[in-house]
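> The following file, data_2.pdb, comprises PDB, C-alpha atoms:
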ATOM      1  CA  MET A 255     -69.823 -89.901  39.151
ATOM      2  CA  GLN A 256     -66.166 -90.036  38.222
ATOM      3  CA  ILE A 257     -64.609 -86.718  37.163
ATOM      4  CA  PRO A 258     -63.200 -87.281  33.658
ATOM      5  CA  TYR A 259     -59.569 -86.812  32.584
ATOM      6  CA  THR A 260     -57.984 -86.350  36.031
ATOM      7  CA  THR A 261     -55.008 -88.535  35.138
ATOM      8  CA  GLU A 262     -55.354 -89.394  31.459
ATOM      9  CA  VAL A 263     -54.791 -86.678  28.900
ATOM     10  CA  ARG A 264     -57.862 -85.378  27.103
ATOM     11  CA  PRO A 265     -57.217 -85.922  23.375
ATOM     12  CA  ASP A 266     -58.510 -82.562  22.117
ATOM     13  CA  THR A 267     -56.691 -80.309  24.630
ATOM     14  CA  GLY A 268     -53.621 -82.502  25.120
ATOM     15  CA  LEU A 269     -53.949 -81.859  28.879
ATOM     16  CA  THR A 270     -55.603 -83.290  31.958
ATOM     17  CA  ASN A 271     -58.684 -81.276  32.966
ATOM     18  CA  PRO A 272     -57.248 -80.010  36.304
ATOM     19  CA  LYS A 273     -54.171 -78.625  34.584
ATOM     20  CA  LEU A 274     -56.168 -76.735  31.951
ATOM     21  CA  GLY A 275     -58.466 -75.527  34.742
ATOM     22  CA  VAL A 276     -55.701 -74.140  36.933
ATOM     23  CA  TRP A 277     -54.018 -72.331  34.036
ATOM     24  CA  LEU A 278     -57.284 -70.686  32.943
ATOM     25  CA  PHE A 279     -57.883 -69.658  36.576
ATOM     26  CA  LEU A 280     -54.371 -68.198  36.717
ATOM     27  CA  ALA A 281     -55.030 -66.274  33.494
ATOM     28  CA  SER A 282     -57.934 -64.568  35.290
ATOM     29  CA  GLU A 283     -55.629 -63.930  38.261
ATOM     30  CA  VAL A 284     -53.100 -62.245  35.958
ATOM     31  CA  MET A 285     -55.822 -59.773  34.962
ATOM     32  CA  LEU A 286     -56.878 -59.253  38.613
ATOM     33  CA  PHE A 287     -53.354 -58.392  39.753
ATOM     34  CA  GLY A 288     -52.670 -56.780  36.368
ATOM     35  CA  SER A 289     -55.455 -54.246  36.960
ATOM     36  CA  LEU A 290     -53.877 -53.334  40.328
ATOM     37  CA  PHE A 291     -50.391 -52.990  38.827
ATOM     38  CA  SER A 292     -51.926 -50.802  36.087
ATOM     39  CA  SER A 293     -53.648 -48.671  38.752
ATOM     40  CA  TYR A 294     -50.331 -48.281  40.544
ATOM     41  CA  ALA A 295     -48.582 -47.182  37.330
ATOM     42  CA  LEU A 296     -51.367 -44.707  36.473
ATOM     43  CA  LEU A 297     -51.616 -43.184  39.967
ATOM     44  CA  ARG A 298     -47.849 -42.869  40.296
ATOM     45  CA  ALA A 299     -47.393 -41.423  36.789
ATOM     46  CA  GLY A 300     -50.217 -38.937  37.395
ATOM     47  CA  ALA A 301     -49.099 -37.841  40.877
ATOM     48  CA  PRO A 302     -47.423 -34.418  41.206
ATOM     49  CA  SER A 303     -45.019 -35.989  43.721
ATOM     50  CA  TRP A 304     -44.415 -39.503  45.033
ATOM     51  CA  PRO A 305     -42.887 -40.443  48.398
ATOM     52  CA  ASP A 306     -39.525 -42.217  48.641
ATOM     53  CA  GLN A 307     -41.044 -45.700  49.058
ATOM     54  CA  SER A 308     -37.963 -47.316  50.610
ATOM     55  CA  SER A 309     -38.099 -44.791  53.479
ATOM     56  CA  ILE A 310     -41.704 -45.836  54.322
ATOM     57  CA  VAL A 311     -41.546 -49.605  53.846
ATOM     58  CA  ASN A 312     -39.047 -52.045  55.334
ATOM     59  CA  VAL A 313     -36.724 -53.270  52.536
ATOM     60  CA  PRO A 314     -34.703 -55.786  54.655
ATOM     61  CA  LEU A 315     -37.888 -57.487  55.926
ATOM     62  CA  ALA A 316     -39.322 -57.620  52.393
ATOM     63  CA  THR A 317     -36.038 -59.075  51.092
ATOM     64  CA  LEU A 318     -36.276 -61.750  53.789
ATOM     65  CA  ASN A 319     -39.865 -62.453  52.731
ATOM     66  CA  THR A 320     -38.774 -62.736  49.079
ATOM     67  CA  VAL A 321     -36.211 -65.381  50.037
ATOM     68  CA  VAL A 322     -38.793 -67.203  52.219
ATOM     69  CA  LEU A 323     -41.375 -67.306  49.432
ATOM     70  CA  ILE A 324     -38.840 -68.455  46.817
ATOM     71  CA  ALA A 325     -37.720 -71.189  49.262
ATOM     72  CA  SER A 326     -41.367 -72.243  49.683
ATOM     73  CA  SER A 327     -41.668 -72.607  45.902
ATOM     74  CA  VAL A 328     -38.631 -74.887  45.895
ATOM     75  CA  THR A 329     -40.001 -77.050  48.740
ATOM     76  CA  MET A 330     -43.379 -77.195  46.946
ATOM     77  CA  VAL A 331     -41.832 -78.503  43.730
ATOM     78  CA  MET A 332     -39.707 -80.899  45.808
ATOM     79  CA  ALA A 333     -42.901 -82.198  47.458
ATOM     80  CA  TRP A 334     -44.234 -83.017  43.988
ATOM     81  CA  ALA A 335     -40.904 -84.550  42.904
ATOM     82  CA  SER A 336     -40.965 -86.719  46.085
ATOM     83  CA  LEU A 337     -44.303 -88.203  45.002
ATOM     84  CA  LYS A 338     -42.834 -88.797  41.528
ATOM     85  CA  GLY A 339     -40.083 -90.699  43.358
ATOM     86  CA  HIS A 340     -42.779 -92.657  45.276
ATOM     87  CA  SER A 341     -41.812 -91.336  48.724
ATOM     88  CA  LEU A 342     -44.710 -90.197  50.914
ATOM     89  CA  PRO A 343     -42.509 -89.349  53.967
ATOM     90  CA  LYS A 344     -40.378 -86.997  51.836
ATOM     91  CA  PHE A 345     -43.557 -85.450  50.443
ATOM     92  CA  ARG A 346     -44.799 -84.812  54.010
ATOM     93  CA  LEU A 347     -41.477 -83.219  54.940
ATOM     94  CA  TYR A 348     -41.382 -80.851  51.956
ATOM     95  CA  MET A 349     -45.092 -80.001  52.144
ATOM     96  CA  GLY A 350     -44.654 -79.242  55.865
ATOM     97  CA  LEU A 351     -41.713 -76.951  55.035
ATOM     98  CA  THR A 352     -43.844 -75.221  52.369
ATOM     99  CA  LEU A 353     -46.543 -74.537  54.969
ATOM    100  CA  LEU A 354     -43.914 -73.319  57.439
ATOM    101  CA  CYS A 355     -42.477 -70.882  54.861
ATOM    102  CA  GLY A 356     -45.993 -69.597  54.133
ATOM    103  CA  ALA A 357     -46.544 -69.029  57.855
ATOM    104  CA  ILE A 358     -43.193 -67.220  58.239
ATOM    105  CA  PHE A 359     -44.101 -64.996  55.274
ATOM    106  CA  LEU A 360     -47.420 -64.041  56.902
ATOM    107  CA  VAL A 361     -45.814 -63.370  60.304
ATOM    108  CA  VAL A 362     -43.204 -61.075  58.707
ATOM    109  CA  LYS A 363     -45.974 -59.356  56.741
ATOM    110  CA  GLY A 364     -47.916 -58.945  60.014
ATOM    111  CA  ILE A 365     -44.857 -57.334  61.663
ATOM    112  CA  GLU A 366     -44.607 -54.929  58.701
ATOM    113  CA  TYR A 367     -48.307 -54.024  58.923
ATOM    114  CA  GLY A 368     -48.094 -53.585  62.715
ATOM    115  CA  ASP A 369     -45.115 -51.271  62.269
ATOM    116  CA  LYS A 370     -47.080 -49.131  59.771
ATOM    117  CA  PHE A 371     -50.122 -48.920  62.064
ATOM    118  CA  SER A 372     -47.998 -47.974  65.084
ATOM    119  CA  HIS A 373     -46.669 -45.032  63.038
ATOM    120  CA  HIS A 374     -50.253 -44.088  62.103
ATOM    121  CA  LEU A 375     -49.721 -45.114  58.492
ATOM    122  CA  TYR A 376     -53.022 -46.457  57.131
ATOM    123  CA  PRO A 377     -54.421 -47.215  53.649
ATOM    124  CA  ALA A 378     -56.144 -43.805  53.741
ATOM    125  CA  THR A 379     -52.886 -41.966  54.536
ATOM    126  CA  SER A 380     -51.651 -41.648  50.944
ATOM    127  CA  ASN A 381     -52.088 -43.058  47.457
ATOM    128  CA  PHE A 382     -48.909 -45.083  47.912
ATOM    129  CA  LEU A 383     -50.052 -46.645  51.197
ATOM    130  CA  GLY A 384     -53.505 -47.319  49.737
ATOM    131  CA  LEU A 385     -51.869 -49.250  46.882
ATOM    132  CA  TYR A 386     -49.364 -50.900  49.242
ATOM    133  CA  PHE A 387     -52.047 -52.275  51.568
ATOM    134  CA  THR A 388     -54.413 -53.287  48.734
ATOM    135  CA  MET A 389     -51.768 -55.116  46.700
ATOM    136  CA  THR A 390     -49.912 -56.807  49.565
ATOM    137  CA  GLY A 391     -53.242 -57.554  51.306
ATOM    138  CA  LEU A 392     -54.710 -59.272  48.233
ATOM    139  CA  HIS A 393     -51.427 -61.165  47.861
ATOM    140  CA  ALA A 394     -51.522 -62.245  51.536
ATOM    141  CA  ILE A 395     -55.083 -63.566  51.025
ATOM    142  CA  HIS A 396     -53.691 -65.670  48.161
ATOM    143  CA  VAL A 397     -50.934 -66.997  50.440
ATOM    144  CA  ILE A 398     -53.562 -67.954  53.059
ATOM    145  CA  ALA A 399     -55.722 -69.673  50.388
ATOM    146  CA  GLY A 400     -52.710 -71.636  49.142
ATOM    147  CA  MET A 401     -51.830 -72.666  52.692
ATOM    148  CA  ILE A 402     -55.369 -73.977  53.291
ATOM    149  CA  VAL A 403     -55.137 -76.116  50.127
ATOM    150  CA  ASN A 404     -51.624 -77.317  51.033
ATOM    151  CA  ALA A 405     -52.672 -78.146  54.617
ATOM    152  CA  TYR A 406     -55.563 -80.204  53.228
ATOM    153  CA  PHE A 407     -53.162 -82.204  51.048
ATOM    154  CA  LEU A 408     -50.697 -82.637  53.927
ATOM    155  CA  TRP A 409     -53.300 -84.070  56.307
ATOM    156  CA  PRO A 410     -56.777 -85.368  55.252
ATOM    157  CA  GLY A 411     -56.096 -85.282  51.489
ATOM    158  CA  THR A 412     -53.124 -87.656  51.745
ATOM    159  CA  LYS A 413     -55.394 -90.709  51.900
ATOM    160  CA  MET A 414     -55.798 -90.507  48.108
ATOM    161  CA  TRP A 415     -52.110 -91.530  47.848
ATOM    162  CA  LYS A 416     -53.190 -95.073  48.773
ATOM    163  CA  SER A 417     -56.249 -95.302  46.514
ATOM    164  CA  ASP A 418     -55.046 -93.325  43.449
ATOM    165  CA  PRO A 419     -51.387 -92.201  43.676
ATOM    166  CA  GLU A 420     -51.220 -90.797  40.154
ATOM    167  CA  ARG A 421     -54.243 -88.577  40.702
ATOM    168  CA  PHE A 422     -52.853 -87.394  44.058
ATOM    169  CA  THR A 423     -49.525 -86.523  42.400
ATOM    170  CA  ASN A 424     -51.396 -84.488  39.752
ATOM    171  CA  ARG A 425     -53.295 -82.670  42.509
ATOM    172  CA  ILE A 426     -50.007 -81.643  44.114
ATOM    173  CA  GLU A 427     -48.683 -80.442  40.751
ATOM    174  CA  VAL A 428     -51.791 -78.293  40.213
ATOM    175  CA  ALA A 429     -51.682 -76.916  43.784
ATOM    176  CA  GLY A 430     -47.999 -76.198  43.145
ATOM    177  CA  ILE A 431     -48.698 -74.287  39.928
ATOM    178  CA  TYR A 432     -51.024 -72.012  41.945
ATOM    179  CA  TRP A 433     -48.467 -71.652  44.756
ATOM    180  CA  HIS A 434     -45.690 -70.704  42.295
ATOM    181  CA  PHE A 435     -48.007 -68.099  40.758
ATOM    182  CA  VAL A 436     -48.374 -66.494  44.212
ATOM    183  CA  ASP A 437     -44.554 -66.443  44.321
ATOM    184  CA  VAL A 438     -44.423 -64.817  40.852
ATOM    185  CA  VAL A 439     -46.829 -62.060  41.977
ATOM    186  CA  TRP A 440     -44.541 -61.323  44.941
ATOM    187  CA  ILE A 441     -41.495 -61.270  42.626
ATOM    188  CA  PHE A 442     -43.123 -58.251  40.912
ATOM    189  CA  LEU A 443     -44.635 -56.681  44.066
ATOM    190  CA  PHE A 444     -41.231 -56.592  45.782
ATOM    191  CA  PRO A 445     -39.407 -54.236  43.376
ATOM    192  CA  VAL A 446     -42.533 -52.201  42.516
ATOM    193  CA  LEU A 447     -43.581 -51.421  46.110
ATOM    194  CA  TYR A 448     -40.217 -51.524  47.902
ATOM    195  CA  LEU A 449     -37.345 -50.722  45.541
ATOM    196  CA  LEU A 450     -38.573 -48.299  42.842
TER     197      LEU A 450
ATOM    198  CA  MET B  71     -37.493 -93.031  36.832
ATOM    199  CA  THR B  72     -35.636 -92.364  40.104
ATOM    200  CA  HIS B  73     -32.653 -91.146  38.084
ATOM    201  CA  ASP B  74     -34.900 -88.673  36.235
ATOM    202  CA  VAL B  75     -36.261 -87.330  39.539
ATOM    203  CA  ALA B  76     -32.724 -86.824  40.918
ATOM    204  CA  LYS B  77     -31.794 -84.923  37.749
ATOM    205  CA  GLN B  78     -34.920 -82.771  38.062
ATOM    206  CA  VAL B  79     -34.139 -81.996  41.714
ATOM    207  CA  ARG B  80     -30.635 -80.804  40.773
ATOM    208  CA  GLY B  81     -32.242 -78.505  38.194
ATOM    209  CA  TYR B  82     -34.653 -77.091  40.806
ATOM    210  CA  LEU B  83     -31.787 -76.335  43.204
ATOM    211  CA  MET B  84     -29.876 -74.522  40.422
ATOM    212  CA  VAL B  85     -32.965 -72.395  39.686
ATOM    213  CA  PHE B  86     -33.249 -71.704  43.446
ATOM    214  CA  GLY B  87     -29.641 -70.467  43.575
ATOM    215  CA  THR B  88     -30.164 -68.253  40.516
ATOM    216  CA  LEU B  89     -33.326 -66.745  42.031
ATOM    217  CA  LEU B  90     -31.497 -65.924  45.287
ATOM    218  CA  VAL B  91     -28.623 -64.261  43.389
ATOM    219  CA  LEU B  92     -31.070 -62.201  41.288
ATOM    220  CA  THR B  93     -32.898 -61.109  44.488
ATOM    221  CA  LEU B  94     -29.611 -59.834  45.940
ATOM    222  CA  VAL B  95     -28.741 -58.123  42.629
ATOM    223  CA  THR B  96     -32.083 -56.290  42.430
ATOM    224  CA  VAL B  97     -31.739 -55.062  46.053
ATOM    225  CA  GLY B  98     -28.112 -54.053  45.394
ATOM    226  CA  VAL B  99     -29.008 -52.110  42.241
ATOM    227  CA  SER B 100     -31.680 -50.164  44.178
ATOM    228  CA  TYR B 101     -28.920 -48.729  46.412
ATOM    229  CA  LEU B 102     -26.960 -47.403  43.382
ATOM    230  CA  ASP B 103     -29.353 -44.447  42.990
ATOM    231  CA  LEU B 104     -29.501 -44.729  39.210
ATOM    232  CA  PRO B 105     -31.780 -42.292  37.314
ATOM    233  CA  GLU B 106     -35.498 -43.157  37.601
ATOM    234  CA  PHE B 107     -35.858 -44.584  34.082
ATOM    235  CA  GLU B 108     -32.835 -46.884  34.424
ATOM    236  CA  THR B 109     -33.953 -48.016  37.921
ATOM    237  CA  VAL B 110     -37.389 -49.021  36.621
ATOM    238  CA  ILE B 111     -36.003 -50.825  33.569
ATOM    239  CA  VAL B 112     -33.341 -52.790  35.512
ATOM    240  CA  ALA B 113     -35.810 -53.770  38.290
ATOM    241  CA  LEU B 114     -38.426 -54.938  35.776
ATOM    242  CA  ILE B 115     -35.896 -56.892  33.680
ATOM    243  CA  ILE B 116     -34.657 -58.735  36.809
ATOM    244  CA  ALA B 117     -38.227 -59.399  38.056
ATOM    245  CA  THR B 118     -39.285 -60.686  34.613
ATOM    246  CA  THR B 119     -36.228 -62.970  34.470
ATOM    247  CA  LYS B 120     -37.052 -64.390  37.937
ATOM    248  CA  ALA B 121     -40.732 -64.856  37.052
ATOM    249  CA  THR B 122     -39.761 -66.591  33.789
ATOM    250  CA  LEU B 123     -37.472 -69.010  35.674
ATOM    251  CA  VAL B 124     -40.267 -69.872  38.145
ATOM    252  CA  ALA B 125     -42.831 -70.321  35.351
ATOM    253  CA  MET B 126     -40.562 -72.372  33.052
ATOM    254  CA  PHE B 127     -39.148 -74.770  35.663
ATOM    255  CA  PHE B 128     -41.339 -74.840  38.804
ATOM    256  CA  MET B 129     -44.644 -74.445  36.936
ATOM    257  CA  HIS B 130     -43.410 -76.759  34.147
ATOM    258  CA  LEU B 131     -44.318 -74.219  31.463
ATOM    259  CA  LYS B 132     -41.248 -75.308  29.488
ATOM    260  CA  GLY B 133     -42.548 -77.789  26.911
ATOM    261  CA  GLU B 134     -46.165 -77.259  27.983
ATOM    262  CA  ARG B 135     -49.016 -77.863  25.501
ATOM    263  CA  PRO B 136     -50.249 -75.053  23.183
ATOM    264  CA  MET B 137     -53.603 -75.163  25.000
ATOM    265  CA  VAL B 138     -51.778 -73.600  27.979
ATOM    266  CA  THR B 139     -49.311 -71.321  26.222
ATOM    267  CA  TRP B 140     -51.768 -69.654  23.825
ATOM    268  CA  PRO B 141     -54.312 -68.525  26.439
ATOM    269  CA  LEU B 142     -51.382 -67.268  28.547
ATOM    270  CA  ALA B 143     -49.944 -65.349  25.594
ATOM    271  CA  LEU B 144     -53.380 -63.790  25.022
ATOM    272  CA  THR B 145     -53.551 -62.850  28.736
ATOM    273  CA  ALA B 146     -50.106 -61.252  28.594
ATOM    274  CA  PHE B 147     -51.168 -59.256  25.508
ATOM    275  CA  LEU B 148     -54.385 -58.097  27.211
ATOM    276  CA  PHE B 149     -52.461 -57.037  30.331
ATOM    277  CA  VAL B 150     -49.995 -54.992  28.277
ATOM    278  CA  ALA B 151     -52.948 -53.434  26.399
ATOM    279  CA  LEU B 152     -54.618 -52.527  29.724
ATOM    280  CA  LEU B 153     -51.450 -51.024  31.172
ATOM    281  CA  GLY B 154     -50.572 -49.226  27.931
ATOM    282  CA  SER B 155     -54.021 -47.734  27.374
ATOM    283  CA  LEU B 156     -54.136 -46.401  30.956
ATOM    284  CA  LEU B 157     -50.629 -44.927  30.765
ATOM    285  CA  MET B 158     -51.511 -43.212  27.484
ATOM    286  CA  SER B 159     -53.392 -40.608  29.538
ATOM    287  CA  GLU B 160     -50.135 -39.635  31.264
ATOM    288  CA  ALA B 161     -47.883 -39.947  28.224
ATOM    289  CA  ASP B 162     -47.058 -36.216  28.001
ATOM    290  CA  HIS B 163     -44.894 -36.240  31.128
ATOM    291  CA  LEU B 164     -43.677 -39.823  31.665
ATOM    292  CA  PHE B 165     -39.969 -40.115  32.487
ATOM    293  CA  GLY B 166     -38.983 -36.482  32.735
ATOM    294  CA  ALA B 167     -41.282 -34.444  30.525
ATOM    295  CA  ARG B 168     -39.785 -35.800  27.347
ATOM    296  CA  PHE B 169     -42.786 -34.972  25.174
ATOM    297  CA  GLN B 170     -43.887 -31.723  26.802
ATOM    298  CA  ASP B 171     -42.550 -29.448  24.057
ATOM    299  CA  SER B 172     -44.593 -31.099  21.350
ATOM    300  CA  PHE B 173     -47.754 -30.740  23.448
ATOM    301  CA  HIS B 174     -46.983 -27.046  24.080
ATOM    302  CA  SER B 175     -46.699 -26.351  20.373
ATOM    303  CA  ILE B 176     -50.160 -27.886  19.861
ATOM    304  CA  ARG B 177     -51.630 -25.711  22.617
ATOM    305  CA  ASP B 178     -49.923 -22.519  21.392
TER     306      ASP B 178
END
Kindly present the structure from the file in structure tokens form.

Amino acid sequence: MQIPYTTEVRPDTGLTNPKLGVWLFLASEVMLFGSLFSSYALLRAGAPSWPDQSSIVNVPLATLNTVVLIASSVTMVMAWASLKGHSLPKFRLYMGLTLLCGAIFLVVKGIEYGDKFSHHLYPATSNFLGLYFTMTGLHAIHVIAGMIVNAYFLWPGTKMWKSDPERFTNRIEVAGIYWHFVDVVWIFLFPVLYLL
Amino acid sequence: MTHDVAKQVRGYLMVFGTLLVLTLVTVGVSYLDLPEFETVIVALIIATTKATLVAMFFMHLKGERPMVTWPLALTAFLFVALLGSLLMSEADHLFGARFQDSFHSIRD
């Protein structure tokens, strides 16, 4: 059975089904991360004292990771624009760079985690570290999920480009919307957990 | 068509540059040691500006259909309601005990 409205716009919503689907999914993600940000605000506001966060976490590494993730958003949107310009090789290049940026982000995050563990700083150590590991951990899981989807589109999924290029281009746009959302979450995590 | 794509790509690179500058600004401001309230406000304004740029241009939210924008607006409202209702329980001492006197007078 053919999935309806993958490329043509559904008259009543004015959207293709995948696009409406991804935005509704992201709305639920806003509430998932929103509940964690709310928990952070409540626990910090209610704490008698709060540690100087920037002395516990590594601000330069997190700044590097911010730049890496923003760069990956740019390469992701360029991958989509390459398909709009009918160039599969360019798409492969930019999608590969997006995956590379995701991998660099995770390696840097791993170095940060390893550094915490070597100093005996665990989620159970303090409220701040509990929030830090929960929020950055959930975010890292989202990065990994996005990378799995992107890797699929870079390798086996590319064959749709030959059979249905428009639908493939829409798939990349939808995967991109998710990937940019993961970037947006980090844009808020960075100041909240590292700078404030 | 190709011309449109080239124009779009230029736009994406400009957004990229702006995002990098704002990242440097937010890190720079954190070293100024401003009072807590000002630090929080400046950091959140910069983060919201960056997130808006990503959403408008990379996620193509600019000019998106109402079927996307309305559910998102509802989600934003519900998030603010969640955050606000939780913070209400700490409202007597947020940002430097501003409201403590009024609570004392109720207790006394």
> Interatomic distance between atom CA of B:Ala121 and atom CA of A:Thr270?
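Separating atom CA of B:Ala121 from atom CA of A:Thr270 is a distance of 24.2 Å.
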> Decode the PyMOL selection byres ((chain A and resi 434) around 10) for the given file into explicit residues and return them as a PyMOL selection string.
(chain A and resi 323-324+326-328+330-331+400+428-433+435-440) or (chain B and resi 121+124-125+128-129)
> Find the residues near A:Ile365: any atom within 12 Å, counting all atoms listed in the file, skip ones fewer than 3 places away on the same chain, and give them as a ChimeraX atom specification.
/A:311-312,315-316,319,358-362,368-372
> Pick the closest to chain B from A:Ser341, A:Asn404, A:Thr317, A:Thr423: which is it, counting all atoms listed in the file?
A:Thr317
> Apply the PyMOL selection byres ((chain B and resi 97) around 10) to the displayed file and report the matching residues as a count of residues only.
18
> Skip stretch 131-148 of chain B itself and residues of its chain fewer than 3 positions away, then list as a list in words all residues within 9 Å of it, counting all atoms listed in the file.
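The contact residues come out as Thr267, Gly268, Leu269, Lys273, Leu274, Trp277, Leu278, Leu280, Ala281, Ser282, Val284 and Met285 of chain A; Val124, Ala125, Met126, Phe127, Phe128, Ala151, Leu152 and Leu153 of chain B.
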> So what does the PyMOL selection byres ((chain B and resi 83) around 12) actually pick up in this one, as a ChimeraX atom specification?
/A:324-325,327-329,331-332 /B:76-82,84-90,123-124,127-128
> Only C-alpha atoms, please: the residues just picked out, written as a PDB file, in the frame of the given file.

ATOM      1  CA  ILE A 324     -38.840 -68.455  46.817  1.00  0.00           C
ATOM      2  CA  ALA A 325     -37.720 -71.189  49.262  1.00  0.00           C
ATOM      3  CA  SER A 327     -41.668 -72.607  45.902  1.00  0.00           C
ATOM      4  CA  VAL A 328     -38.631 -74.887  45.895  1.00  0.00           C
ATOM      5  CA  THR A 329     -40.001 -77.050  48.740  1.00  0.00           C
ATOM      6  CA  VAL A 331     -41.832 -78.503  43.730  1.00  0.00           C
ATOM      7  CA  MET A 332     -39.707 -80.899  45.808  1.00  0.00           C
TER       8      MET A 332
ATOM      9  CA  ALA B  76     -32.724 -86.824  40.918  1.00  0.00           C
ATOM     10  CA  LYS B  77     -31.794 -84.923  37.749  1.00  0.00           C
ATOM     11  CA  GLN B  78     -34.920 -82.771  38.062  1.00  0.00           C
ATOM     12  CA  VAL B  79     -34.139 -81.996  41.714  1.00  0.00           C
ATOM     13  CA  ARG B  80     -30.635 -80.804  40.773  1.00  0.00           C
ATOM     14  CA  GLY B  81     -32.242 -78.505  38.194  1.00  0.00           C
ATOM     15  CA  TYR B  82     -34.653 -77.091  40.806  1.00  0.00           C
ATOM     16  CA  MET B  84     -29.876 -74.522  40.422  1.00  0.00           C
ATOM     17  CA  VAL B  85     -32.965 -72.395  39.686  1.00  0.00           C
ATOM     18  CA  PHE B  86     -33.249 -71.704  43.446  1.00  0.00           C
ATOM     19  CA  GLY B  87     -29.641 -70.467  43.575  1.00  0.00           C
ATOM     20  CA  THR B  88     -30.164 -68.253  40.516  1.00  0.00           C
ATOM     21  CA  LEU B  89     -33.326 -66.745  42.031  1.00  0.00           C
ATOM     22  CA  LEU B  90     -31.497 -65.924  45.287  1.00  0.00           C
ATOM     23  CA  LEU B 123     -37.472 -69.010  35.674  1.00  0.00           C
ATOM     24  CA  VAL B 124     -40.267 -69.872  38.145  1.00  0.00           C
ATOM     25  CA  PHE B 127     -39.148 -74.770  35.663  1.00  0.00           C
ATOM     26  CA  PHE B 128     -41.339 -74.840  38.804  1.00  0.00           C
TER      27      PHE B 128
END
> With all atoms listed in the file as the basis for distance, which of A:Leu443, A:Met414, A:Leu354, A:Leu375 is at the shortest distance from A:Met401?
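Using all atoms listed in the file, the shortest distance to A:Met401 belongs to A:Leu354.
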